[in-house]
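Chemist: Right, I'll just put the structure down here and ask away after.
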Amino acid sequence: MTEIVSRVREALAGRGIAAAGSDRLATYLDVLLRANEEMNLVSRKEAEAAALVSRHLLDALEALSLLPEPSRRRLRLLDVGSGGGFPAIPLLVVREDLEGVLVESTGKKARFLAAAVRTLGLTARVVNARFPGPALQLMRNAPPCDLLTSRAVAGAGEIARQARPALAPGAIALFWTTEPLLADLRRALPGARIDFRKSLGADRRGIARVECFT
């Protein structure tokens, strides 16, 4: 745990994230590493502190500058295919004005997510169901979401289209994808405004920010 804390604090130095936020992020990574011994949340070669921080945590937090500014109203974030919790859990830790809906179809991963949410004291609900049909049915009486996120899931454009019933007008979507796949995203969402920001040190990988699709 000590190594994780020091690596997280070092990586986040100068990013405007308070020490308390860094420590909660380190707690999350520690919980994930322990759970990863029994289930495949991240690959074995990435199941150590340095890789988790550089390849997963920092990758998720790159979205912070793409989110709407904090306001008096809580923003609802819908994360599709949450897996081990990236990017939703780091974003919920740092942006306390967010509340999350984490959709994960695999039961053991959904149970891990629920346990992590409780441990970190996050305002979030885990929906253990396939997306879109069963998941959207379980969400049908919930307030609409302002943000949509999805990382390492294929078919970003289709996800955005299918998620529309759960999204508020003017919602923003963030997809962790690659530059060559932007054409597919634009074809799937004609008329949407799509901007792409490359990840630091990456040739093609980054985050697509989608507006005007709801």
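Naming works like this for the structure tokens: A, B, ... for the chains as they're shown, residue 1 at the start of each chain, ligands 1 onward in shown order.
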Apply DSSP to the structure's backbone, then extract all residues of chain A labelled strand (DSSP E) and return them as JSON, numbers by chain.

Modeler: {"A": [75, 76, 77, 78, 79, 80, 98, 99, 100, 101, 102, 103, 124, 125, 126, 127, 145, 146, 147, 148, 149, 150, 151, 167, 168, 169, 170, 171, 172, 173, 174, 175, 176, 177, 178, 193, 194, 195, 196, 197, 198, 205, 206, 207, 208, 209, 210, 211]}

Chemist: Out of A:Gly81, A:Gly107, A:Pro169, A:Pro90, which residue has the shortest atom-to-atom distance to Leu64 (chain A) when counting only C-alpha atoms?

Modeler: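 The answer is A:Pro90, which sits nearest to Leu64 (chain A).
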
Chemist: Figure out the distance between CA of Glu211 (chain A) and CA of Gly170 (chain A), please, to one decimal in Å.

Modeler: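 CA of Glu211 (chain A) lies at a distance of 7.0 Å from CA of Gly170 (chain A).
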
Chemist: Applying 12 Å and only C-alpha atoms, which residues near Leu33 (chain A) remain after dropping the ones on its own chain fewer than 6 positions away? List them as a PyMOL selection string.

Modeler: chain A and resi 1+4+26-27+39-53+84+112+116

Chemist: Separation of CA of Ile89 (chain A) and CA of Val117 (chain A), in Å?

Modeler: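 For CA of Ile89 (chain A) relative to CA of Val117 (chain A), the distance reads 7.8 Å.
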
Chemist: From the options A:Gly201, A:Ala160, A:Arg34, A:Phe213, which residue's atoms come nearest to Arg55 (chain A), counting only C-alpha atoms?

Modeler: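 Nearest to Arg55 (chain A): A:Gly201.
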
Chemist: At a cut-off of 10 Å, can you tabulate as a tab-separated table every residue of region 123-154 of chain A near region 172-188 of chain A together with its closest atom pair and the distance in Å to one decimal, using only C-alpha atoms and ordering rows by chain then number?

Modeler:
residue	atom	partner	partner_atom	distance
A:Cys145	CA	A:Ile172	CA	9.4
A:Asp146	CA	A:Ile172	CA	6.5
A:Leu147	CA	A:Ile172	CA	5.0
A:Leu148	CA	A:Ala173	CA	4.4
A:Thr149	CA	A:Leu174	CA	4.8
A:Ser150	CA	A:Phe175	CA	5.2
A:Arg151	CA	A:Trp176	CA	4.8
A:Ala152	CA	A:Trp176	CA	6.4
A:Val153	CA	A:Trp176	CA	8.2
A:Ala154	CA	A:Thr177	CA	8.5

Chemist: Any chance you could list, as JSON, numbers by chain, the residues in chain A that come up alpha helix (DSSP H) when DSSP is run on the backbone?

Modeler: {"A": [2, 3, 4, 5, 6, 7, 8, 9, 10, 11, 12, 19, 20, 21, 22, 23, 24, 25, 26, 27, 28, 29, 30, 31, 32, 33, 34, 35, 36, 49, 50, 51, 58, 59, 60, 61, 88, 89, 90, 91, 92, 93, 94, 107, 108, 109, 110, 111, 112, 113, 114, 115, 116, 117, 118, 119, 120, 133, 134, 135, 136, 137, 138, 156, 157, 158, 159, 160, 161, 162, 163, 182, 183, 184, 185, 186, 187, 188]}

Chemist: Excluding same-chain residues fewer than 6 positions from region 99-102 of chain A, what lies within 6 Å of it counting only C-alpha atoms, as a list in words?

Modeler: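 Non-adjacent residues within range: Arg76, Leu77, Leu78, Asp79, Ser82, Thr123, Ala124, Arg125, Val126 and Val127 of chain A.
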
Chemist: The selected residues should be written to file as a tab-separated table (two decimals), in the first residue's frame (atoms: C-alpha atoms).

Modeler:
chain	number	residue	atom	x	y	z
A	76	ARG	CA	-24.94	12.16	-13.23
A	77	LEU	CA	-22.36	10.01	-15.00
A	78	LEU	CA	-23.31	6.82	-16.87
A	79	ASP	CA	-20.34	4.50	-17.41
A	82	SER	CA	-17.17	-0.46	-16.16
A	123	THR	CA	-22.28	8.34	-4.61
A	124	ALA	CA	-22.83	5.67	-7.23
A	125	ARG	CA	-25.08	2.81	-8.24
A	126	VAL	CA	-23.86	-0.39	-9.89
A	127	VAL	CA	-26.17	-1.94	-12.48

Chemist: I'd like to know which of A:Leu200, A:Arg74, A:Ile207, A:Ala114 is closest to Pro144 (chain A), using only C-alpha atoms.

Modeler: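 So, comparing all the options, the nearest one is A:Arg74.
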
Chemist: Near Leu61 (chain A), counting only C-alpha atoms, which residues have an atom at most 12 Å away, once you skip same-chain residues fewer than 4 positions from it, shown as a PyMOL selection string?

Modeler: chain A and resi 8+11-12+15-17+22+25+53-57+65-67+86-95+174+176+199-200+206-207

Chemist: Give the answer as one residue: which of A:Thr214, A:Asp97, A:Glu10, A:Ile194 has the shortest atom-to-atom distance to Arg164 (chain A), using only C-alpha atoms?

Modeler: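 The closest residue to Arg164 (chain A) is A:Thr214.
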
Chemist: Could you check the closest approach to Leu189 (chain A) for each of A:Arg161, A:Arg209, A:Lys108, A:Arg118 and tell me which residue wins, using only C-alpha atoms?

Modeler: A:Arg161

Chemist: Return the single residue from A:Gly191, A:Ser6, A:Gly121, A:Leu167 that is closest to Met139 (chain A), with distances computed using only C-alpha atoms.

Modeler: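 Selected residue with least distance to Met139 (chain A): A:Leu167.
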
Chemist: Could you state the separation of CA of Leu98 (chain A) and CA of Ser71 (chain A) in Å, given to one decimal place?

Modeler: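 Taking CA of Leu98 (chain A) as the start and CA of Ser71 (chain A) as the end point, the length is 10.1 Å.
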